[in-house]
Structure formats: C-alpha cells, structure tokens
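Step one of this worksheet: look at the structure below.
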Amino acid sequence: MSKDILILGSSGLLGSSLCDFLKLESSYNVMAHSRDKSNPYFADILNKDDLHRLIFKTNPDVIINLVAETNVDLCEKDPDLAYQKNVRVLEELKPFFIDKNQNCHLIHISTDHIYDMDGLNDLDQIQIRNIYALSKLAGELAIKSFAKNYTILRTNFFGKSKCSNRTSFTDWLAEASNNNIKIKIFDDVFFSPLAIQTLCSLILYAVEKKVLGTINLGSLNGMSKAEFAHKFINCLGNDGANMETVSSKTSGLLQTARPLDMRMNTSSFEESFNTKPPTLLDEIFLVASEYKEK
C-alpha cells in the first residue's frame, strides 16, 4: 500500500524541489502543504486549530517538516517568531502523535548551525551562538518528547532555487559572477553542505527504509565558504575576479554572531544510510551542471 506523505512547508527552497522529486521518483501520495487556500492541503501553520485540522484530516503515514524561520538576524531580533516557527509548530504535532497515529514517521530538517568546534563536529558537540541555533535545537528536543519514529537531519544544502521569491546561495554567486558584481566571501567560515538533489534522494531513502534517529547529513570534509565560492564559479567557467575574500570577524557584514566551523562528522550518515557521503567538490560539480544546462 502506498504511503501518504504530508510535507509541511512545501513552497520553500527545499520543499519546492522535494515535492517535485517525490512525485517523480516515488509512488507515494505526496500532500504538499501551503498557506494558499486553493491548495487542498492549506493551513496557517502558526494557527494551532488550522494545523490540527490539516494533520488529523489527512492522517499521513509520514510527515516531513520543512517549516522554519532561517533568517538568523530576524530570529535574533524577534525570538518569539523563532520560537513560533522553529519550536511551537513541532510542539503542536504532539496531540496527533499521541491520540491519532503513534506510528507516523516524522522527518525533520534541522541545521548544522548548532555546531562550532574546530574540525568535524560530532552529534554531541553542541555550541549555540545565537537565537536561531537555540530555537532549532529546542525543536529537536520537542520532537524527542513525543515522537516514537523520528528522523532528525542536521544538514545544510545548496542548489538552484525553484522558488520565484527565494534565491539560493549559489544563485547569488552565479548572478554576481555573470554580471561582474563585486561581492565579499568569508574565508574563515567552514561548512559541509549537500546538493539539494542529493538531499532529496536521501530523504526518500529515509522514508523507504524508515531511517530513524539524529543524523549529521553533510558532505565529506567540507571547506570554507570562500573556497566553495571560487570552486563553484570556476565550474561555471568564470574566474571569480569579482569576489573578495574577507574575515567574518572583521568585515562588519554580520549583525548577529554565527558559528565559524559547521563541518560535521558524517559517520552517522554512513551508518544510517549505508553509503559513503559525497565529497563537497563532487556536490559542487553536480549543482554547477544545473546552472550550465540550457
């Protein structure tokens, strides 16, 4: 029997790609939530009654939660908003899991922003630098308090945006490079993200194999954002002359404190998904090919 999958926050950067991917690559019934009332799976996700109506009515086998406030500066200025989107939405799922469907599989996209140790961060090496990271960690704890079958994916991702009102990091880099717009890139901030299409494939695998637990889902080794930017731009056939590398500590570009090293130990990835994670360079090549397609 085909599974019913409810995607909360389907119109965002990841959701817009994930919905298309699941509909194309799986036989599951994909229910894409939005705030648009023309959509049969609409709900104001911050309204408890709306949220409960949606999930109790659809009674999904799998819920993939992509709802989040990811604007770090906005979270710092408005902690209540960070709580509402990154914690309370998850807390309000509890009645469904307790009273309706305890076997529902909850897949939640968390963040690498909760790490900041030098080198490859293990699952327990939490370093909170701002309200955004705190709220995302609190969301994880909320899930663990009620869900029996949960998958928490601590990750970061990049790729070509399918959203008309949302550009991605690589969209920004490509646009600046193609139009010779001067930009500054941090050489002291390190991460290990995945390509959006790789992440979509892994989420499908987690659904199919019912992968459970908290997992560091990233590419091997990682690199600085400056190195990432130059390698990506070079893959597009540009020289990166428009980019200036700067330190995040002295550039004056950041309003809110952020972690400097979000690279992850991916042993939990390898064990849970029974595969070797891709290198970040391979992921850059993969995404660059999307931009070169006519």
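Letters A, B, ... mark the chains of the structure tokens in the order given; residue numbers begin at 1 per chain; ligand numbers begin at 1, in order shown.
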**Request:** Would you mind writing down, as a ChimeraX atom specification, each residue of range 10-216 of chain A that DSSP on the backbone assigns to strand (DSSP E)?
**Result:** /A:29-32,62-65,105-109,149-155,157-158,183-186,190-191,194-195,213-216
Could you produce a table of the residues of range 71-96 of chain A lying within 8 Å of range 249-259 of chain A, with the nearest pair of atoms per residue and their separation in Å rounded to one decimal, using only C-alpha atoms, ordered by chain and increasing residue number, as a tab-separated table?
residue	atom	partner	partner_atom	distance
A:Val72	CA	A:Thr256	CA	7.1
A:Asp73	CA	A:Thr256	CA	5.8
A:Glu76	CA	A:Thr256	CA	7.1
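Going from CA of Val287 in chain A over to CA of Asp118 in chain A, you cover 26.9 Å.
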**Request:** Grab the CA of Asn178 in chain A to CA of Leu286 in chain A distance for me, in Å with one decimal place.
**Result:**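 For CA of Asn178 in chain A relative to CA of Leu286 in chain A, the distance reads 18.9 Å.
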**Asked** At what distance in Å, to one decimal, does CA of Ala138 in chain A lie from CA of Val87 in chain A?
**Response**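 These atoms are spaced 6.2 Å apart.
Among A:Ala133, A:Val246, A:Ile45, A:Ala32, the residue with the shortest atom-to-atom distance to Asn71 in chain A, counting only C-alpha atoms, is A:Ala133.
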**Request:** May I have the residues within 7 Å of Leu194 in chain A as a PyMOL selection string, using only C-alpha atoms and disregarding those fewer than 2 positions away in the same chain?
**Result:** chain A and resi 156-158+192+196+198-199+218-219+283
**Request:** With a distance cut-off of 8 Å and only C-alpha atoms, select the neighbouring residues of His52 in chain A, excluding the residue or stretch itself and same-chain residues fewer than 5 positions from it, and output the selection as a ChimeraX atom specification.
**Result:** /A:92-93,96
**Request:** Could you give me, as a list in words, the residues within 8 Å of Phe232 in chain A, counting only C-alpha atoms and dropping anything in the same chain fewer than 3 positions from it?
**Result:** Thr170, Phe228, Ala229, Cys235, Leu236, Ile284, Phe285 and Ala288 of chain A
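Distances to Leu6 in chain A were evaluated for A:Asp282, A:Glu244, A:Asp61, A:Glu227 using only C-alpha atoms, and the minimum falls at A:Asp61.
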**Prompt:** Using only C-alpha atoms, which residues sit within 10 Å of His113 in chain A once same-chain residues fewer than 2 positions away are excluded, as an MDAnalysis selection string?
**Reply:** chainID A and resid 72 110:111 115:116 126:130 132:134 136:137 154:156 191 258:263
**Asked** Which of these residues is nearest to Ser289 in chain A, using only C-alpha atoms: A:Asn221, A:Asn47, A:Asn234, A:Asn165?
**Response**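 Comparing A:Asn221, A:Asn47, A:Asn234, A:Asn165 against Ser289 in chain A, the winner is A:Asn234.
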**Message:** With only C-alpha atoms as the counted atoms, please give the residues lying no more than 9 Å from Ser11 in chain A, apart from itself and same-chain residues fewer than 5 positions off, as number ranges by chain.
**Reply:** A: 16-17, 19, 32-34, 163
For those residues, write C-alpha atoms to a file as a compact mmCIF listing (two decimals), in the first residue's frame.
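Result file follows (part-v4.txt):
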# COMPACT_ATOMS: atom_id res chain seq x y z
CA SER A 16 9.75 23.14 -3.90
CA SER A 17 12.41 20.70 -5.09
CA CYS A 19 7.80 17.85 -3.77
CA ALA A 32 2.11 19.43 -0.25
CA HIS A 33 1.03 21.88 2.45
CA SER A 34 0.86 25.60 1.76
CA CYS A 163 11.12 29.45 -5.85
**Asked** Restricting the calculation to only C-alpha atoms, which member of A:Leu22, A:Glu290, A:Gly240, A:Leu66 is positioned closest to Lys160 in chain A?
**Response** A:Glu290
